[in-house]
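Colleague: Sharing model.cif (mmCIF, C-alpha atoms) below.
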```cif
data_entry
#
loop_
_atom_site.group_PDB
_atom_site.id
_atom_site.type_symbol
_atom_site.label_atom_id
_atom_site.label_comp_id
_atom_site.auth_asym_id
_atom_site.auth_seq_id
_atom_site.Cartn_x
_atom_site.Cartn_y
_atom_site.Cartn_z
ATOM 1 C CA MET J 6 17.569 4.470 8.640
ATOM 2 C CA PRO J 7 18.134 0.834 9.610
ATOM 3 C CA GLU J 8 20.511 -1.138 7.435
ATOM 4 C CA ARG J 9 18.777 -3.275 4.827
ATOM 5 C CA ALA J 10 20.281 -6.424 6.374
ATOM 6 C CA GLU J 11 18.474 -5.639 9.640
ATOM 7 C CA VAL J 12 15.084 -5.345 7.966
ATOM 8 C CA GLN J 13 12.867 -8.411 7.948
ATOM 9 C CA VAL J 14 9.696 -8.819 5.910
ATOM 10 C CA ARG J 15 6.981 -11.187 7.093
ATOM 11 C CA PRO J 16 3.213 -11.612 6.877
ATOM 12 C CA GLY J 17 1.249 -9.222 9.051
ATOM 13 C CA ALA J 18 -0.270 -10.512 12.288
ATOM 14 C CA GLU J 19 -2.893 -9.474 14.835
ATOM 15 C CA GLY J 20 -0.143 -8.166 17.143
ATOM 16 C CA ASP J 21 0.794 -5.596 14.476
ATOM 17 C CA LEU J 22 -2.617 -3.924 14.489
ATOM 18 C CA GLU J 23 -1.813 -0.963 16.737
ATOM 19 C CA ALA J 24 1.461 -0.083 14.971
ATOM 20 C CA LEU J 25 -0.084 -0.529 11.505
ATOM 21 C CA THR J 26 -3.009 1.704 12.470
ATOM 22 C CA GLU J 27 -0.651 4.358 13.814
ATOM 23 C CA LEU J 28 1.441 4.272 10.615
ATOM 24 C CA TYR J 29 -1.645 4.513 8.377
ATOM 25 C CA ASN J 30 -3.130 7.318 10.469
ATOM 26 C CA HIS J 31 0.002 9.390 9.834
ATOM 27 C CA TYR J 32 -0.859 9.309 6.117
ATOM 28 C CA VAL J 33 -4.544 10.012 6.844
ATOM 29 C CA ARG J 34 -3.704 13.113 8.919
ATOM 30 C CA GLU J 35 -0.682 14.474 7.059
ATOM 31 C CA THR J 36 -0.899 13.541 3.356
ATOM 32 C CA ALA J 37 -3.139 13.035 0.356
ATOM 33 C CA ILE J 38 -1.559 9.645 -0.294
ATOM 34 C CA THR J 39 -4.751 8.117 1.096
ATOM 35 C CA PHE J 40 -8.129 9.710 0.620
ATOM 36 C CA ASP J 41 -9.325 8.618 4.048
ATOM 37 C CA THR J 42 -9.859 11.809 6.041
ATOM 38 C CA THR J 43 -10.556 10.579 9.582
ATOM 39 C CA PRO J 44 -7.992 8.585 11.593
ATOM 40 C CA PHE J 45 -8.927 5.050 12.643
ATOM 41 C CA THR J 46 -8.839 3.262 15.980
ATOM 42 C CA PRO J 47 -7.227 -0.170 16.005
ATOM 43 C CA ASP J 48 -10.687 -1.739 16.492
ATOM 44 C CA GLU J 49 -11.981 0.081 13.391
ATOM 45 C CA ARG J 50 -8.952 -1.141 11.433
ATOM 46 C CA ARG J 51 -9.214 -4.793 12.583
ATOM 47 C CA PRO J 52 -11.529 -5.933 9.713
ATOM 48 C CA TRP J 53 -8.944 -4.594 7.236
ATOM 49 C CA LEU J 54 -6.173 -6.578 8.947
ATOM 50 C CA LEU J 55 -8.273 -9.746 9.073
ATOM 51 C CA SER J 56 -9.085 -9.435 5.351
ATOM 52 C CA HIS J 57 -5.399 -10.226 4.633
ATOM 53 C CA PRO J 58 -4.731 -13.869 5.593
ATOM 54 C CA VAL J 59 -1.278 -15.460 5.342
ATOM 55 C CA ASP J 60 -2.268 -17.189 2.088
ATOM 56 C CA GLY J 61 -4.471 -16.423 -0.885
ATOM 57 C CA PRO J 62 -4.549 -13.397 -3.175
ATOM 58 C CA HIS J 63 -5.085 -10.748 -0.484
ATOM 59 C CA ARG J 64 -1.892 -10.411 1.531
ATOM 60 C CA LEU J 65 -0.319 -8.097 4.071
ATOM 61 C CA MET J 66 3.474 -8.002 4.271
ATOM 62 C CA VAL J 67 5.159 -6.076 7.096
ATOM 63 C CA ALA J 68 8.748 -4.800 7.263
ATOM 64 C CA THR J 69 10.305 -4.656 10.719
ATOM 65 C CA GLY J 70 13.687 -3.454 11.883
ATOM 66 C CA GLY J 71 15.668 -1.342 14.279
ATOM 67 C CA ALA J 72 16.248 -1.705 17.979
ATOM 68 C CA PRO J 73 13.804 -2.141 19.487
ATOM 69 C CA ARG J 74 12.262 -3.898 16.487
ATOM 70 C CA ARG J 75 9.397 -1.877 15.052
ATOM 71 C CA ILE J 76 7.239 -1.722 11.945
ATOM 72 C CA LEU J 77 8.924 0.222 9.138
ATOM 73 C CA GLY J 78 6.178 -0.228 6.559
ATOM 74 C CA TYR J 79 3.719 -2.574 4.935
ATOM 75 C CA ALA J 80 2.461 -3.665 1.528
ATOM 76 C CA THR J 81 -0.914 -5.163 0.689
ATOM 77 C CA SER J 82 -2.854 -6.756 -2.096
ATOM 78 C CA GLY J 83 -6.612 -6.567 -1.865
ATOM 79 C CA PRO J 84 -9.691 -6.824 -4.036
ATOM 80 C CA PHE J 85 -9.627 -4.565 -7.074
ATOM 81 C CA ARG J 86 -13.421 -4.380 -7.242
ATOM 82 C CA ALA J 87 -16.122 -6.365 -5.431
ATOM 83 C CA LYS J 88 -17.730 -8.038 -8.462
ATOM 84 C CA PRO J 89 -16.838 -11.726 -9.061
ATOM 85 C CA ALA J 90 -15.333 -11.235 -12.528
ATOM 86 C CA TYR J 91 -12.605 -9.076 -10.942
ATOM 87 C CA ALA J 92 -11.417 -11.913 -8.651
ATOM 88 C CA THR J 93 -8.153 -12.427 -10.584
ATOM 89 C CA SER J 94 -7.205 -8.746 -10.239
ATOM 90 C CA VAL J 95 -5.792 -7.127 -7.101
ATOM 91 C CA GLU J 96 -5.053 -3.596 -6.003
ATOM 92 C CA THR J 97 -1.676 -3.177 -4.325
ATOM 93 C CA THR J 98 -0.279 -0.500 -2.060
ATOM 94 C CA VAL J 99 2.792 0.301 0.041
ATOM 95 C CA TYR J 100 3.111 2.522 3.108
ATOM 96 C CA VAL J 101 6.515 3.265 4.649
ATOM 97 C CA ALA J 102 7.004 4.828 8.077
ATOM 98 C CA PRO J 103 7.951 8.494 7.568
ATOM 99 C CA ASP J 104 11.070 8.143 9.722
ATOM 100 C CA ALA J 105 12.247 4.914 8.013
ATOM 101 C CA GLY J 106 14.166 6.864 5.400
ATOM 102 C CA ARG J 107 12.197 5.233 2.569
ATOM 103 C CA ARG J 108 15.387 3.890 0.980
ATOM 104 C CA GLY J 109 14.708 0.336 0.021
ATOM 105 C CA ILE J 110 11.857 -0.474 2.414
ATOM 106 C CA GLY J 111 9.180 -0.143 -0.280
ATOM 107 C CA THR J 112 11.277 -2.256 -2.654
ATOM 108 C CA LEU J 113 11.709 -4.994 -0.021
ATOM 109 C CA LEU J 114 7.988 -4.968 0.734
ATOM 110 C CA TYR J 115 6.850 -5.119 -2.890
ATOM 111 C CA GLY J 116 9.430 -7.833 -3.633
ATOM 112 C CA ALA J 117 8.057 -9.979 -0.800
ATOM 113 C CA LEU J 118 4.450 -9.259 -1.757
ATOM 114 C CA PHE J 119 4.884 -10.239 -5.407
ATOM 115 C CA GLU J 120 6.874 -13.326 -4.423
ATOM 116 C CA ALA J 121 4.002 -14.360 -2.108
ATOM 117 C CA LEU J 122 1.455 -13.784 -4.890
ATOM 118 C CA ALA J 123 3.424 -15.729 -7.520
ATOM 119 C CA GLY J 124 1.492 -18.987 -7.046
ATOM 120 C CA GLU J 125 -1.947 -17.416 -6.822
ATOM 121 C CA ASP J 126 -4.588 -17.434 -9.570
ATOM 122 C CA LEU J 127 -4.091 -13.760 -10.399
ATOM 123 C CA HIS J 128 -3.870 -12.013 -13.748
ATOM 124 C CA ARG J 129 -3.260 -8.303 -13.024
ATOM 125 C CA ALA J 130 -2.271 -5.947 -10.226
ATOM 126 C CA TYR J 131 -3.378 -2.316 -10.143
ATOM 127 C CA ALA J 132 -2.152 0.618 -8.095
ATOM 128 C CA GLY J 133 -3.572 4.118 -7.707
ATOM 129 C CA VAL J 134 -1.006 6.808 -6.912
ATOM 130 C CA ALA J 135 -2.192 10.238 -5.736
ATOM 131 C CA GLN J 136 -0.298 12.928 -7.629
ATOM 132 C CA PRO J 137 2.324 14.200 -7.374
ATOM 133 C CA ASN J 138 4.338 11.255 -6.020
ATOM 134 C CA GLU J 139 7.478 10.610 -8.084
ATOM 135 C CA ALA J 140 8.918 8.125 -5.563
ATOM 136 C CA SER J 141 5.830 5.913 -5.781
ATOM 137 C CA ALA J 142 5.735 6.146 -9.577
ATOM 138 C CA ARG J 143 9.390 5.022 -9.722
ATOM 139 C CA LEU J 144 8.743 2.149 -7.316
ATOM 140 C CA HIS J 145 5.810 0.873 -9.344
ATOM 141 C CA GLU J 146 7.693 1.168 -12.631
ATOM 142 C CA ARG J 147 10.651 -0.707 -11.095
ATOM 143 C CA PHE J 148 8.268 -3.616 -10.471
ATOM 144 C CA GLY J 149 6.940 -3.656 -14.014
ATOM 145 C CA PHE J 150 3.840 -1.529 -13.583
ATOM 146 C CA ARG J 151 2.966 0.752 -16.462
ATOM 147 C CA HIS J 152 0.921 3.935 -16.333
ATOM 148 C CA VAL J 153 -2.506 3.327 -17.897
ATOM 149 C CA GLY J 154 -4.286 6.589 -17.154
ATOM 150 C CA THR J 155 -4.991 9.369 -14.703
ATOM 151 C CA TYR J 156 -8.241 10.293 -13.025
ATOM 152 C CA ARG J 157 -8.193 14.104 -12.828
ATOM 153 C CA GLU J 158 -9.320 15.818 -9.635
ATOM 154 C CA VAL J 159 -10.916 12.603 -8.391
ATOM 155 C CA GLY J 160 -10.369 13.265 -4.683
ATOM 156 C CA ARG J 161 -10.668 16.332 -2.480
ATOM 157 C CA LYS J 162 -8.646 16.555 0.702
ATOM 158 C CA PHE J 163 -7.087 19.461 2.614
ATOM 159 C CA GLY J 164 -9.235 21.876 0.624
ATOM 160 C CA ARG J 165 -7.860 20.956 -2.797
ATOM 161 C CA TRP J 166 -8.395 18.492 -5.627
ATOM 162 C CA TRP J 167 -6.009 15.574 -6.277
ATOM 163 C CA ASP J 168 -5.349 13.491 -9.374
ATOM 164 C CA VAL J 169 -4.734 9.737 -9.172
ATOM 165 C CA ALA J 170 -2.476 8.016 -11.696
ATOM 166 C CA TRP J 171 -3.344 4.349 -12.298
ATOM 167 C CA TYR J 172 -0.742 1.680 -12.945
ATOM 168 C CA GLU J 173 -1.126 -1.943 -13.988
ATOM 169 C CA LYS J 174 1.143 -4.980 -13.900
ATOM 170 C CA GLU J 175 0.699 -8.426 -15.394
ATOM 171 C CA LEU J 176 1.050 -11.184 -12.814
#
```
Could you quickly redo this structure as structure tokens?
Modeller:
Amino acid sequence: MPERAEVQVRPGAEGDLEALTELYNHYVRETAITFDTTPFTPDERRPWLLSHPVDGPHRLMVATGGAPRRILGYATSGPFRAKPAYATSVETTVYVAPDAGRRGIGTLLYGALFEALAGEDLHRAYAGVAQPNEASARLHERFGFRHVGTYREVGRKFGRWWDVAWYEKEL
């Protein structure tokens, strides 16, 4: 794993699209962490990237490091639900490259994301964590999220049912 000092976190950019799509597709193909079941092309993923500008409540933060410099992970905030009364709530997520060692990258990403959101008109952040995922639960709790409930067998992937634990954080 790259040393923490070598890792930089910055807003995501159009030039990151291919690497971000590749990283996400790993989780689509190999895990139940996302309930997407079909990998994306970069063109299919472009609207997602463009929905995260460098300011406002919906952000994309990218961690880069190593030699040559590459994407080690990303964190996002996005709409919690589409209805207008939910505008001050966001759903957050973190994805770390499987070969990045996971030690500290998620923490750096969430730290940068919540720092970027600090001045926004937001009230709550929510995160859904497919179960089991102890590392993600610990990360969310470290950032002040608390478990508020679990949807049982809410998703089916790889021929089995998955629970999703929901966490919330005051912003």
Colleague: Report, in Å to a single decimal, how far apart CA of Pro47 in chain J and CA of Ala140 in chain J are.
Modeller: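 Going from CA of Ala140 in chain J over to CA of Pro47 in chain J covers 28.2 Å.
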Colleague: For the atom pair CA of Gly133 in chain J and CA of Val169 in chain J, what is the interatomic distance in Å to one decimal place?
Modeller: 5.9 Å
Colleague: Determine the residue set returned by the PyMOL selection byres ((chain J and resi 84) around 12) for the present structure, and present it as a PyMOL selection string.
Modeller: chain J and resi 53+56-57+61-64+81-83+85-98+127+129-132
Colleague: Using C-alpha atoms, can you write the selected residues to a file as a short mmCIF file (atom, residue, chain, number, x, y, z; two decimals), in the coordinates of the input?
Modeller:
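File selection21.cif, as written:
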```cif
data_model
loop_
_atom_site.label_atom_id
_atom_site.label_comp_id
_atom_site.auth_asym_id
_atom_site.auth_seq_id
_atom_site.Cartn_x
_atom_site.Cartn_y
_atom_site.Cartn_z
CA TRP J 53 -8.94 -4.59 7.24
CA SER J 56 -9.09 -9.44 5.35
CA HIS J 57 -5.40 -10.23 4.63
CA GLY J 61 -4.47 -16.42 -0.88
CA PRO J 62 -4.55 -13.40 -3.18
CA HIS J 63 -5.08 -10.75 -0.48
CA ARG J 64 -1.89 -10.41 1.53
CA THR J 81 -0.91 -5.16 0.69
CA SER J 82 -2.85 -6.76 -2.10
CA GLY J 83 -6.61 -6.57 -1.86
CA PHE J 85 -9.63 -4.57 -7.07
CA ARG J 86 -13.42 -4.38 -7.24
CA ALA J 87 -16.12 -6.36 -5.43
CA LYS J 88 -17.73 -8.04 -8.46
CA PRO J 89 -16.84 -11.73 -9.06
CA ALA J 90 -15.33 -11.24 -12.53
CA TYR J 91 -12.60 -9.08 -10.94
CA ALA J 92 -11.42 -11.91 -8.65
CA THR J 93 -8.15 -12.43 -10.58
CA SER J 94 -7.20 -8.75 -10.24
CA VAL J 95 -5.79 -7.13 -7.10
CA GLU J 96 -5.05 -3.60 -6.00
CA THR J 97 -1.68 -3.18 -4.32
CA THR J 98 -0.28 -0.50 -2.06
CA LEU J 127 -4.09 -13.76 -10.40
CA ARG J 129 -3.26 -8.30 -13.02
CA ALA J 130 -2.27 -5.95 -10.23
CA TYR J 131 -3.38 -2.32 -10.14
CA ALA J 132 -2.15 0.62 -8.10
#
```
Colleague: Each residue of range 94-147 of chain J with at least one atom at most 12 Å from range 21-45 of chain J should appear once, together with its nearest atom pair and the corresponding distance in Å (one decimal); atoms considered: all atoms listed in the file; ordering: chain, then increasing residue number; output as a Markdown table.
Modeller:
```
| residue | atom | partner | partner_atom | distance |
| --- | --- | --- | --- | --- |
| J:Thr98 | CA | J:Thr39 | CA | 10.2 |
| J:Val99 | CA | J:Ile38 | CA | 10.3 |
| J:Tyr100 | CA | J:Tyr29 | CA | 7.4 |
| J:Val101 | CA | J:Leu28 | CA | 7.9 |
| J:Ala102 | CA | J:Leu28 | CA | 6.1 |
| J:Pro103 | CA | J:His31 | CA | 8.3 |
| J:Asp104 | CA | J:Leu28 | CA | 10.4 |
| J:Ala105 | CA | J:Leu28 | CA | 11.1 |
| J:Ala132 | CA | J:Ile38 | CA | 11.9 |
| J:Gly133 | CA | J:Ile38 | CA | 9.5 |
| J:Val134 | CA | J:Ile38 | CA | 7.2 |
| J:Ala135 | CA | J:Ile38 | CA | 5.5 |
| J:Gln136 | CA | J:Ile38 | CA | 8.1 |
| J:Pro137 | CA | J:Ile38 | CA | 9.3 |
| J:Asn138 | CA | J:Ile38 | CA | 8.4 |
| J:Glu139 | CA | J:Ile38 | CA | 12.0 |
| J:Ala140 | CA | J:Ile38 | CA | 11.8 |
| J:Ser141 | CA | J:Ile38 | CA | 9.9 |
```
Colleague: When you look at range 144-148 of chain J with a cut-off of 8 Å (counting all atoms listed in the file), what residues show up, excluding the ones that are within fewer than 4 positions of it in the same chain? I need them as a list in words.
Modeller: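 Near range 144-148 of chain J, the qualifying residues are Gly111, Thr112, Tyr115, Ala140 and Tyr172 of chain J.
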Colleague: Could those selected residues go to a file with C-alpha atoms, as a tab-separated table (two decimals), in the coordinates of the input?
Modeller:
```tsv
chain	number	residue	atom	x	y	z
J	111	GLY	CA	9.18	-0.14	-0.28
J	112	THR	CA	11.28	-2.26	-2.65
J	115	TYR	CA	6.85	-5.12	-2.89
J	140	ALA	CA	8.92	8.12	-5.56
J	172	TYR	CA	-0.74	1.68	-12.94
```
Colleague: What do you get, as a list in words, if you spell out every residue that the PyMOL selection byres ((chain J and resi 70-73) around 6) selects here?
Modeller: Pro7, Glu11, Val12, Thr69, Arg74 and Arg75 of chain J
Colleague: Based on the selection just made, write C-alpha atoms of those residues as a CSV table (one decimal), in the coordinates of the input.
Modeller:
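Result file again-v1.csv:
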```
chain,number,residue,atom,x,y,z
J,7,PRO,CA,18.1,0.8,9.6
J,11,GLU,CA,18.5,-5.6,9.6
J,12,VAL,CA,15.1,-5.3,8.0
J,69,THR,CA,10.3,-4.7,10.7
J,74,ARG,CA,12.3,-3.9,16.5
J,75,ARG,CA,9.4,-1.9,15.1
```
Colleague: One decimal, Å: what's the distance from CA of Met66 in chain J over to CA of Trp171 in chain J, could you say?
Modeller: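 These two atoms are separated by 21.8 Å.
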Colleague: Nearest to Gln13 in chain J among J:Phe150, J:Ala170, J:Val67, J:Arg108, with distances taken over only C-alpha atoms: which residue is it?
Modeller: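 Between J:Phe150, J:Ala170, J:Val67, J:Arg108, the residue approaching Gln13 in chain J most closely is J:Val67.
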Colleague: Please enclose the listed atoms of range 31-39 of chain J in an axis-aligned box, pad each side by 5 Å, and write out the centre and the three edge lengths in Å, rounded to one decimal, as AutoDock Vina command-line options.
Modeller:
```
--center_x -2.4 --center_y 11.3 --center_z 4.8 --size_x 14.8 --size_y 16.4 --size_z 20.1
```
